[in-house]
file work21.txt (compact mmCIF, C-alpha atoms and all ligand atoms)
# COMPACT_ATOMS: atom_id res chain seq x y z
CA MET A 1 21.36 -1.14 18.99
CA ILE A 2 17.61 -1.26 18.62
CA GLY A 3 16.39 -2.16 15.15
CA VAL A 4 12.78 -1.11 14.62
CA ASP A 5 10.85 -3.25 12.14
CA ILE A 6 8.84 -0.28 11.02
CA PHE A 7 5.35 -0.89 9.55
CA GLY A 8 5.89 -4.66 9.61
CA LEU A 9 9.06 -5.12 7.57
CA PRO A 10 12.04 -6.54 9.50
CA ALA A 11 15.05 -4.21 9.48
CA ASP A 12 18.25 -5.19 7.67
CA TYR A 13 19.69 -7.39 10.43
CA ALA A 14 22.61 -8.60 8.31
CA ARG A 15 23.97 -5.04 8.19
CA ILE A 16 22.92 -4.21 11.75
CA GLY A 17 24.62 -7.42 12.91
CA SER A 18 27.93 -6.57 11.26
CA VAL A 19 27.98 -3.07 12.82
CA ALA A 20 27.07 -4.57 16.19
CA GLU A 21 29.85 -7.12 15.91
CA GLU A 22 32.41 -4.50 14.95
CA HIS A 23 31.56 -2.36 17.99
CA ASP A 24 30.64 -5.19 20.36
CA LEU A 25 27.05 -4.03 20.77
CA PHE A 26 23.93 -5.80 22.02
CA VAL A 27 21.08 -5.91 19.50
CA ILE A 28 17.39 -5.69 20.36
CA GLU A 29 14.79 -6.26 17.67
CA ASP A 30 11.74 -4.05 18.17
CA ALA A 31 9.28 -6.38 16.47
CA ALA A 32 6.14 -4.66 17.80
CA GLN A 33 4.94 -4.18 14.22
CA SER A 34 6.59 -7.14 12.48
CA PHE A 35 5.29 -10.24 14.26
CA GLY A 36 4.37 -12.46 11.30
CA GLY A 37 6.96 -10.92 8.96
CA GLN A 38 10.22 -12.53 7.88
CA LEU A 39 13.54 -12.17 6.06
CA ASN A 40 14.06 -15.16 3.78
CA ASP A 41 13.27 -18.11 6.05
CA THR A 42 13.90 -16.33 9.33
CA LYS A 43 10.87 -15.07 11.18
CA ALA A 44 10.60 -11.67 12.82
CA CYS A 45 11.24 -11.92 16.59
CA SER A 46 14.30 -14.15 16.04
CA PHE A 47 16.82 -11.42 15.18
CA GLY A 48 19.26 -9.77 17.58
CA ASN A 49 20.09 -10.91 21.11
CA ILE A 50 16.50 -10.42 22.16
CA ALA A 51 13.35 -9.40 20.35
CA CYS A 52 10.21 -7.81 21.73
CA THR A 53 6.77 -7.66 20.25
CA SER A 54 3.46 -6.13 21.22
CA PHE A 55 -0.06 -7.53 21.12
CA PHE A 56 -1.70 -4.12 21.47
CA PRO A 57 -4.96 -4.13 19.43
CA ALA A 58 -3.45 -2.02 16.62
CA LYS A 59 -0.64 -4.55 15.95
CA PRO A 60 -0.79 -7.40 13.40
CA LEU A 61 -1.61 -9.93 16.15
CA GLY A 62 -3.66 -7.83 18.52
CA CYS A 63 -5.40 -8.80 21.74
CA TYR A 64 -8.25 -6.76 23.20
CA GLY A 65 -6.18 -4.83 25.71
CA ASP A 66 -2.47 -4.90 26.45
CA GLY A 67 -0.05 -7.72 25.85
CA GLY A 68 3.42 -8.45 24.58
CA MET A 69 6.20 -11.00 24.40
CA CYS A 70 10.00 -11.18 24.57
CA PHE A 71 12.08 -13.69 22.63
CA THR A 72 15.63 -14.98 23.02
CA ASP A 73 17.57 -18.15 22.27
CA ASP A 74 20.02 -17.38 25.09
CA ASP A 75 19.15 -19.53 28.15
CA GLU A 76 20.79 -17.16 30.62
CA LEU A 77 18.94 -14.13 29.26
CA SER A 78 15.73 -16.11 29.25
CA THR A 79 16.11 -16.88 32.96
CA VAL A 80 16.83 -13.22 33.75
CA MET A 81 13.87 -11.98 31.68
CA GLU A 82 11.54 -14.48 33.30
CA SER A 83 12.73 -13.34 36.70
CA LEU A 84 12.26 -9.68 35.80
CA ARG A 85 8.73 -10.42 34.62
CA VAL A 86 7.77 -12.02 37.95
CA HIS A 87 8.87 -9.40 40.51
CA GLY A 88 12.51 -10.48 40.28
CA LYS A 89 11.89 -14.05 41.40
CA GLY A 90 14.70 -16.52 42.04
CA ASP A 91 14.41 -20.28 42.15
CA HIS A 92 11.02 -20.01 43.73
CA LYS A 93 8.34 -17.37 43.63
CA TYR A 94 8.93 -15.76 47.03
CA ASP A 95 12.70 -15.69 46.81
CA ASN A 96 13.42 -12.37 45.10
CA VAL A 97 16.90 -12.04 43.69
CA ARG A 98 16.43 -8.69 41.93
CA ILE A 99 13.91 -5.87 41.58
CA GLY A 100 11.54 -6.88 38.81
CA ILE A 101 8.16 -5.89 37.47
CA ASN A 102 4.75 -7.49 37.32
CA GLY A 103 4.61 -8.36 33.61
CA ARG A 104 1.88 -10.96 33.51
CA LEU A 105 -0.07 -11.43 30.30
CA ASP A 106 -3.69 -11.48 31.44
CA SER A 107 -5.30 -14.93 30.93
CA LEU A 108 -8.23 -13.42 29.08
CA GLN A 109 -5.88 -11.69 26.62
CA ALA A 110 -3.86 -14.92 26.27
CA GLY A 111 -7.06 -16.81 25.42
CA ILE A 112 -7.95 -14.27 22.75
CA LEU A 113 -4.42 -14.43 21.33
CA LEU A 114 -4.42 -18.24 21.16
CA ALA A 115 -7.70 -18.22 19.22
CA LYS A 116 -6.44 -15.49 16.86
CA PHE A 117 -3.05 -17.21 16.49
CA ASP A 118 -4.76 -20.16 14.77
CA ILE A 119 -5.85 -17.95 11.87
CA PHE A 120 -2.83 -15.63 12.00
CA PRO A 121 -0.89 -17.13 9.02
CA GLU A 122 -4.04 -16.74 6.93
CA GLU A 123 -4.41 -13.13 8.11
CA ILE A 124 -0.81 -12.37 7.09
CA GLU A 125 -1.65 -13.75 3.63
CA LEU A 126 -4.74 -11.55 3.46
CA ARG A 127 -2.74 -8.49 4.51
CA GLN A 128 -0.31 -9.24 1.69
CA GLN A 129 -3.21 -9.42 -0.77
CA VAL A 130 -4.51 -6.06 0.50
CA ALA A 131 -1.02 -4.56 0.04
CA ASN A 132 -0.77 -6.00 -3.47
CA ARG A 133 -4.13 -4.50 -4.41
CA TYR A 134 -3.08 -1.09 -3.06
CA ALA A 135 0.14 -1.25 -5.08
CA THR A 136 -1.80 -2.06 -8.26
CA LEU A 137 -4.48 0.58 -7.65
CA LEU A 138 -2.15 3.37 -6.52
CA GLY A 139 0.91 2.59 -8.60
CA PRO A 140 -0.33 4.61 -11.62
CA PHE A 141 -0.90 7.73 -9.45
CA SER A 142 2.69 8.85 -9.45
CA PRO A 143 2.36 11.61 -6.81
CA ILE A 144 1.85 8.86 -4.22
CA LYS A 145 4.79 6.65 -3.47
CA VAL A 146 3.73 3.20 -2.28
CA PRO A 147 5.89 1.00 -0.03
CA SER A 148 8.03 -1.79 -1.43
CA VAL A 149 9.36 -4.95 0.16
CA PRO A 150 12.86 -6.18 -0.74
CA PRO A 151 13.16 -9.59 -2.46
CA GLY A 152 13.06 -12.45 0.04
CA ALA A 153 11.35 -10.38 2.73
CA THR A 154 7.77 -10.60 4.01
CA SER A 155 6.10 -7.70 5.75
CA ALA A 156 3.44 -8.21 8.40
CA TRP A 157 1.88 -5.00 7.02
CA ALA A 158 1.14 -3.45 10.40
CA GLN A 159 0.57 -0.22 8.49
CA TYR A 160 0.27 0.69 4.83
CA SER A 161 2.14 4.00 4.71
CA VAL A 162 2.53 6.05 1.55
CA LEU A 163 4.48 9.20 0.72
CA ALA A 164 2.75 12.28 -0.67
CA THR A 165 4.70 14.75 -2.86
CA ASP A 166 4.81 17.39 -0.14
CA GLU A 167 3.03 18.49 3.01
CA PRO A 168 0.21 20.51 1.33
CA GLN A 169 -0.61 17.56 -0.94
CA ARG A 170 -0.69 15.23 2.07
CA THR A 171 -3.10 17.59 3.84
CA GLU A 172 -5.32 17.72 0.77
CA LEU A 173 -5.35 13.95 0.34
CA GLN A 174 -6.10 13.37 4.02
CA ASN A 175 -8.93 15.93 3.93
CA ASN A 176 -10.47 14.40 0.81
CA LEU A 177 -10.26 10.91 2.30
CA LYS A 178 -11.76 12.12 5.56
CA GLU A 179 -14.66 13.70 3.69
CA ALA A 180 -15.29 10.35 2.05
CA GLY A 181 -15.38 8.71 5.47
CA ILE A 182 -11.95 7.08 5.10
CA PRO A 183 -9.67 7.38 8.13
CA THR A 184 -5.92 8.02 7.73
CA ALA A 185 -3.15 8.59 10.26
CA ILE A 186 0.34 10.04 10.33
CA TYR A 187 2.99 7.66 11.65
CA TYR A 188 5.03 9.57 12.72
CA PRO A 189 4.77 13.36 12.60
CA GLN A 190 7.99 14.02 14.54
CA PRO A 191 11.35 12.27 13.96
CA LEU A 192 13.17 11.01 17.05
CA HIS A 193 15.94 13.62 16.95
CA LEU A 194 13.35 16.43 17.19
CA GLN A 195 11.46 14.92 20.14
CA SER A 196 11.69 17.01 23.33
CA ALA A 197 12.72 13.87 25.22
CA PHE A 198 15.97 13.78 23.24
CA SER A 199 16.69 17.51 23.22
CA SER A 200 19.68 16.94 25.51
CA LEU A 201 21.42 15.17 22.59
CA GLY A 202 21.67 18.53 20.85
CA TYR A 203 20.25 17.60 17.45
CA LYS A 204 18.44 20.27 15.47
CA LYS A 205 16.22 20.63 12.41
CA GLY A 206 18.17 19.65 9.30
CA ASP A 207 20.39 17.08 11.00
CA PHE A 208 18.46 14.10 9.57
CA PRO A 209 16.93 15.49 6.36
CA ILE A 210 15.52 12.19 5.08
CA SER A 211 13.66 11.49 8.34
CA GLU A 212 12.35 15.05 8.36
CA ASP A 213 11.24 14.83 4.72
CA CYS A 214 9.41 11.53 5.37
CA ALA A 215 7.71 12.96 8.47
CA ARG A 216 6.29 15.80 6.35
CA ARG A 217 5.03 13.53 3.55
CA ILE A 218 4.03 10.22 5.11
CA PHE A 219 0.53 9.04 5.96
CA SER A 220 -1.12 5.65 6.40
CA LEU A 221 -4.14 4.23 4.63
CA PRO A 222 -6.58 1.72 6.17
CA MET A 223 -4.94 -1.73 6.46
CA HIS A 224 -6.42 -4.91 7.90
CA PRO A 225 -6.92 -8.44 6.58
CA TYR A 226 -10.62 -7.94 5.84
CA LEU A 227 -10.45 -4.77 3.75
CA THR A 228 -12.38 -5.55 0.56
CA ALA A 229 -11.36 -4.89 -3.02
CA GLU A 230 -14.35 -2.52 -3.36
CA GLU A 231 -13.29 -0.53 -0.31
CA GLN A 232 -9.78 -0.24 -1.67
CA LYS A 233 -11.09 0.86 -5.06
CA LYS A 234 -13.02 3.65 -3.33
CA ILE A 235 -9.89 4.75 -1.44
CA ALA A 236 -7.83 4.73 -4.65
CA ASP A 237 -10.54 6.70 -6.48
CA VAL A 238 -10.52 9.46 -3.86
CA ILE A 239 -6.73 9.66 -4.13
CA GLY A 240 -6.84 9.57 -7.94
CA ASN A 241 -9.50 12.27 -8.16
CA SER A 242 -7.58 14.52 -5.73
CA ASP A 243 -4.80 14.62 -8.25
CA LYS A 244 -6.89 16.28 -10.97
C1 LIG A 301 3.45 -0.33 19.49
C2 LIG A 301 4.90 -0.22 19.43
C3 LIG A 301 5.69 -0.32 20.59
C4 LIG A 301 5.12 -0.42 21.97
O1 LIG A 301 4.25 -1.46 22.21
P1 LIG A 301 3.54 -1.52 23.63
O2 LIG A 301 2.56 -2.61 23.52
O3 LIG A 301 2.94 -0.18 23.89
O4 LIG A 301 4.63 -1.81 24.61
C5 LIG A 301 7.06 -0.27 20.46
N1 LIG A 301 7.65 -0.11 19.24
C6 LIG A 301 6.93 0.00 18.12
C7 LIG A 301 7.64 0.16 16.81
C8 LIG A 301 5.54 -0.06 18.17
O5 LIG A 301 4.82 0.05 17.03
call {"tool": "encode", "arguments": {"input": "work21.txt", "output": "structure tokens", "more": "lines below"}}
Ligand SMILES: *Cc1c(COP(=O)(O)O)cnc(C)c1O
result
Amino acid sequence: MIGVDIFGLPADYARIGSVAEEHDLFVIEDAAQSFGGQLNDTKACSFGNIACTSFFPAKPLGCYGDGGMCFTDDDELSTVMESLRVHGKGDHKYDNVRIGINGRLDSLQAGILLAKFDIFPEEIELRQQVANRYATLLGPFSPIKVPSVPPGATSAWAQYSVLATDEPQRTELQNNLKEAGIPTAIYYPQPLHLQSAFSSLGYKKGDFPISEDCARRIFSLPMHPYLTAEEQKKIADVIGNSDK
């Protein structure tokens, strides 16, 4: 089972874990968006058998190119993953025991990540403040549904995604924001079961109505640690005025 910590909030690993146990399944945490988030005192990237995160620039801890990391507390898996990362190496570099990949993290990217990692806890705090301000500013505009975080959880706020009432309203809001010079994005316009890549599974429109409904209504507002209160006020004003 792959739990996806969508938009920065870790999935419900207590429930995922009990299903996995019942059916003897291996759990992977897709923590590409949740590095920096947590559930109670447990940090994202420590759920499941292994966890994977991404340091792509758009992620909470972004480098300036491509990067990522795998996590496990299983020594055997750790040895296998390390081997896979280095062309399938065995005990020494030129003894290949399997077919691997070249998965080096570029030194330049690593240097950038180390410098950014020092201020990362502070940036997570700032992202939370930005999310709180959005919730306060947008809460009164009932046509927009703002995201919530369950008690005890911390989101890394990779994205701040809201739900419009319906597709035409989303289009209108996005257009008005665009006119005001405010970028938005739709994550994600197409649910997994309607992706061509999975057509062989035989799912059709209507099979997952909640996913389909969200895909029609969702869009993301600007989110980064350095978004100012004034900028957020401007964004909220455009949304508020669209509603009149
Ligand atoms: C970005 C992202 C990935 C992929 O990250 P890469 O750096 O492209 O490997 C996987 N899952 C989710 C949920 C993501 O947001």
call {"tool": "closest_residue", "arguments": {"input": "work21.txt", "among": "A:Ala135, A:Ile119, A:Ile218, A:Val149", "to": "Ala164 in chain A", "atoms": "all atoms listed in the file"}}
result
A:Ile218
call {"tool": "closest_residue", "arguments": {"input": "work21.txt", "among": "A:His193, A:His224, A:Arg104, A:Lys43", "to": "Gln128 in chain A", "atoms": "all atoms listed in the file"}}
result
A:His224
call {"tool": "residues_near_ligand", "arguments": {"input": "work21.txt", "ligand": "ligand LIG 301 (chain A)", "cutoff": "12 Å", "atoms": "only C-alpha atoms and all ligand atoms", "output": "number ranges by chain"}}
result
A: 2-11, 28-35, 51-70, 103, 105, 157-159, 187-188
call {"tool": "atom_distance", "arguments": {"input": "work21.txt", "atom1": "CA of Thr42 in chain A", "atom2": "CA of Ala153 in chain A"}}
result
9.2 Å
call {"tool": "axis_aligned_box", "arguments": {"input": "work21.txt", "around": "range 93-104 of chain A", "padding_each_side": "3 Å", "output": "lines of an AutoDock Vina configuration file"}}
result
center_x = 9.4
center_y = -11.6
center_z = 40.3
size_x = 21.0
size_y = 17.5
size_z = 19.5
call {"tool": "atom_distance", "arguments": {"input": "work21.txt", "atom1": "CA of Lys233 in chain A", "atom2": "CA of Val146 in chain A"}}
result
15.3 Å
call {"tool": "residues_around", "arguments": {"input": "work21.txt", "residues": "Asn241 in chain A", "least_positions_apart": "5", "cutoff": "12 Å", "atoms": "all atoms listed in the file", "output": "number ranges by chain"}}
result
A: 138, 141, 143, 172-173, 176-177, 180, 233-236
call {"tool": "atom_distance", "arguments": {"input": "work21.txt", "atom1": "CA of Phe120 in chain A", "atom2": "CA of Val27 in chain A"}}
result
26.9 Å
call {"tool": "residues_around", "arguments": {"input": "work21.txt", "residues": "Ala20 in chain A", "least_positions_apart": "4", "cutoff": "12 Å", "atoms": "only C-alpha atoms", "output": "PDB file with C-alpha atoms, in the frame of the given file"}}
result
ATOM      1  CA  MET A   1      21.360  -1.140  18.990  1.00  0.00           C
ATOM      2  CA  ILE A   2      17.610  -1.260  18.620  1.00  0.00           C
ATOM      3  CA  GLY A   3      16.390  -2.160  15.150  1.00  0.00           C
ATOM      4  CA  TYR A  13      19.690  -7.390  10.430  1.00  0.00           C
ATOM      5  CA  ALA A  14      22.610  -8.600   8.310  1.00  0.00           C
ATOM      6  CA  ARG A  15      23.970  -5.040   8.190  1.00  0.00           C
ATOM      7  CA  ILE A  16      22.920  -4.210  11.750  1.00  0.00           C
ATOM      8  CA  ASP A  24      30.640  -5.190  20.360  1.00  0.00           C
ATOM      9  CA  LEU A  25      27.050  -4.030  20.770  1.00  0.00           C
ATOM     10  CA  PHE A  26      23.930  -5.800  22.020  1.00  0.00           C
ATOM     11  CA  VAL A  27      21.080  -5.910  19.500  1.00  0.00           C
ATOM     12  CA  ILE A  28      17.390  -5.690  20.360  1.00  0.00           C
ATOM     13  CA  GLY A  48      19.260  -9.770  17.580  1.00  0.00           C
ATOM     14  CA  ASN A  49      20.090 -10.910  21.110  1.00  0.00           C
TER      15      ASN A  49
END
call {"tool": "closest_residue", "arguments": {"input": "work21.txt", "among": "A:Ala115, A:Ala229, A:Ile144, A:Ile99", "to": "Asn132 in chain A", "atoms": "all atoms listed in the file"}}
result
A:Ala229
call {"tool": "closest_residue", "arguments": {"input": "work21.txt", "among": "A:Ser78, A:Gln195, A:Thr165, A:Thr154", "to": "Phe219 in chain A", "atoms": "only C-alpha atoms"}}
result
A:Thr165
call {"tool": "closest_residue", "arguments": {"input": "work21.txt", "among": "A:Glu231, A:Ser46, A:Gly152, A:Gly100", "to": "Gly181 in chain A", "atoms": "all atoms listed in the file"}}
result
A:Glu231
call {"tool": "closest_residue", "arguments": {"input": "work21.txt", "among": "A:Val130, A:Ile210, A:Leu137, A:Val238", "to": "Met223 in chain A", "atoms": "only C-alpha atoms"}}
result
A:Val130
call {"tool": "build_atoms", "arguments": {"input": "work21.txt", "residues": "range 116-127 of chain A", "atoms": "all heavy atoms", "output": "mmCIF file, in the frame of the given file"}}
result
data_model
loop_
_atom_site.group_PDB
_atom_site.id
_atom_site.type_symbol
_atom_site.label_atom_id
_atom_site.label_comp_id
_atom_site.auth_asym_id
_atom_site.auth_seq_id
_atom_site.Cartn_x
_atom_site.Cartn_y
_atom_site.Cartn_z
ATOM 1 N N LYS A 116 -6.803 -16.253 18.067
ATOM 2 C CA LYS A 116 -6.440 -15.490 16.860
ATOM 3 C C LYS A 116 -5.175 -16.046 16.202
ATOM 4 O O LYS A 116 -4.977 -15.906 14.998
ATOM 5 C CB LYS A 116 -6.260 -14.005 17.210
ATOM 6 C CG LYS A 116 -7.577 -13.308 17.543
ATOM 7 C CD LYS A 116 -7.390 -11.828 17.786
ATOM 8 C CE LYS A 116 -7.115 -11.086 16.493
ATOM 9 N NZ LYS A 116 -6.961 -9.624 16.738
ATOM 10 N N PHE A 117 -4.307 -16.665 17.023
ATOM 11 C CA PHE A 117 -3.050 -17.210 16.490
ATOM 12 C C PHE A 117 -3.323 -18.325 15.474
ATOM 13 O O PHE A 117 -2.573 -18.494 14.516
ATOM 14 C CB PHE A 117 -2.173 -17.712 17.649
ATOM 15 C CG PHE A 117 -0.764 -18.030 17.248
ATOM 16 C CD1 PHE A 117 0.061 -17.061 16.701
ATOM 17 C CD2 PHE A 117 -0.245 -19.306 17.439
ATOM 18 C CE1 PHE A 117 1.367 -17.348 16.335
ATOM 19 C CE2 PHE A 117 1.060 -19.599 17.079
ATOM 20 C CZ PHE A 117 1.873 -18.623 16.521
ATOM 21 N N ASP A 118 -4.400 -19.073 15.694
ATOM 22 C CA ASP A 118 -4.760 -20.160 14.770
ATOM 23 C C ASP A 118 -4.987 -19.649 13.344
ATOM 24 O O ASP A 118 -4.673 -20.339 12.384
ATOM 25 C CB ASP A 118 -6.054 -20.849 15.243
ATOM 26 C CG ASP A 118 -5.794 -21.767 16.426
ATOM 27 O OD1 ASP A 118 -4.617 -22.130 16.654
ATOM 28 O OD2 ASP A 118 -6.765 -22.111 17.125
ATOM 29 N N ILE A 119 -5.566 -18.460 13.220
ATOM 30 C CA ILE A 119 -5.850 -17.950 11.870
ATOM 31 C C ILE A 119 -4.832 -16.899 11.443
ATOM 32 O O ILE A 119 -4.969 -16.279 10.384
ATOM 33 C CB ILE A 119 -7.288 -17.356 11.769
ATOM 34 C CG1 ILE A 119 -7.490 -16.253 12.812
ATOM 35 C CG2 ILE A 119 -8.340 -18.436 11.890
ATOM 36 C CD1 ILE A 119 -8.653 -15.333 12.485
ATOM 37 N N PHE A 120 -3.787 -16.715 12.274
ATOM 38 C CA PHE A 120 -2.830 -15.630 12.000
ATOM 39 C C PHE A 120 -2.093 -15.789 10.659
ATOM 40 O O PHE A 120 -1.996 -14.816 9.897
ATOM 41 C CB PHE A 120 -1.845 -15.492 13.167
ATOM 42 C CG PHE A 120 -0.932 -14.309 13.048
ATOM 43 C CD1 PHE A 120 -1.430 -13.012 12.973
ATOM 44 C CD2 PHE A 120 0.444 -14.492 12.987
ATOM 45 C CE1 PHE A 120 -0.582 -11.927 12.846
ATOM 46 C CE2 PHE A 120 1.303 -13.399 12.867
ATOM 47 C CZ PHE A 120 0.788 -12.120 12.798
ATOM 48 N N PRO A 121 -1.585 -16.997 10.311
ATOM 49 C CA PRO A 121 -0.890 -17.130 9.020
ATOM 50 C C PRO A 121 -1.795 -16.722 7.849
ATOM 51 O O PRO A 121 -1.345 -16.069 6.895
ATOM 52 C CB PRO A 121 -0.546 -18.619 8.943
ATOM 53 C CG PRO A 121 -0.509 -19.068 10.367
ATOM 54 C CD PRO A 121 -1.571 -18.257 11.065
ATOM 55 N N GLU A 122 -3.063 -17.090 7.966
ATOM 56 C CA GLU A 122 -4.040 -16.740 6.930
ATOM 57 C C GLU A 122 -4.215 -15.202 6.885
ATOM 58 O O GLU A 122 -4.319 -14.606 5.804
ATOM 59 C CB GLU A 122 -5.334 -17.420 7.315
ATOM 60 C CG GLU A 122 -6.438 -17.399 6.310
ATOM 61 C CD GLU A 122 -7.706 -18.015 6.924
ATOM 62 O OE1 GLU A 122 -7.599 -19.109 7.543
ATOM 63 O OE2 GLU A 122 -8.760 -17.387 6.825
ATOM 64 N N GLU A 123 -4.242 -14.589 8.061
ATOM 65 C CA GLU A 123 -4.410 -13.130 8.110
ATOM 66 C C GLU A 123 -3.207 -12.399 7.505
ATOM 67 O O GLU A 123 -3.363 -11.349 6.877
ATOM 68 C CB GLU A 123 -4.659 -12.667 9.543
ATOM 69 C CG GLU A 123 -6.019 -13.093 10.050
ATOM 70 C CD GLU A 123 -6.475 -12.297 11.272
ATOM 71 O OE1 GLU A 123 -5.608 -11.858 12.058
ATOM 72 O OE2 GLU A 123 -7.684 -12.127 11.447
ATOM 73 N N ILE A 124 -2.006 -12.968 7.690
ATOM 74 C CA ILE A 124 -0.810 -12.370 7.090
ATOM 75 C C ILE A 124 -0.922 -12.442 5.564
ATOM 76 O O ILE A 124 -0.615 -11.474 4.855
ATOM 77 C CB ILE A 124 0.480 -13.069 7.596
ATOM 78 C CG1 ILE A 124 0.723 -12.721 9.074
ATOM 79 C CG2 ILE A 124 1.702 -12.710 6.752
ATOM 80 C CD1 ILE A 124 1.122 -11.276 9.336
ATOM 81 N N GLU A 125 -1.401 -13.577 5.067
ATOM 82 C CA GLU A 125 -1.650 -13.750 3.630
ATOM 83 C C GLU A 125 -2.618 -12.690 3.115
ATOM 84 O O GLU A 125 -2.401 -12.067 2.077
ATOM 85 C CB GLU A 125 -2.304 -15.119 3.375
ATOM 86 C CG GLU A 125 -1.355 -16.259 3.115
ATOM 87 C CD GLU A 125 -0.627 -16.080 1.795
ATOM 88 O OE1 GLU A 125 -1.258 -15.661 0.780
ATOM 89 O OE2 GLU A 125 0.584 -16.340 1.818
ATOM 90 N N LEU A 126 -3.720 -12.515 3.867
ATOM 91 C CA LEU A 126 -4.740 -11.550 3.460
ATOM 92 C C LEU A 126 -4.185 -10.137 3.471
ATOM 93 O O LEU A 126 -4.481 -9.337 2.578
ATOM 94 C CB LEU A 126 -5.976 -11.657 4.377
ATOM 95 C CG LEU A 126 -6.808 -12.934 4.230
ATOM 96 C CD1 LEU A 126 -7.843 -13.050 5.342
ATOM 97 C CD2 LEU A 126 -7.503 -12.954 2.860
ATOM 98 N N ARG A 127 -3.363 -9.814 4.471
ATOM 99 C CA ARG A 127 -2.740 -8.490 4.510
ATOM 100 C C ARG A 127 -1.867 -8.273 3.279
ATOM 101 O O ARG A 127 -1.836 -7.187 2.706
ATOM 102 C CB ARG A 127 -1.890 -8.317 5.782
ATOM 103 C CG ARG A 127 -2.704 -8.037 7.040
ATOM 104 C CD ARG A 127 -1.797 -7.970 8.273
ATOM 105 N NE ARG A 127 -2.550 -7.796 9.486
ATOM 106 C CZ ARG A 127 -2.907 -6.611 10.011
ATOM 107 N NH1 ARG A 127 -2.532 -5.494 9.424
ATOM 108 N NH2 ARG A 127 -3.620 -6.537 11.108
#
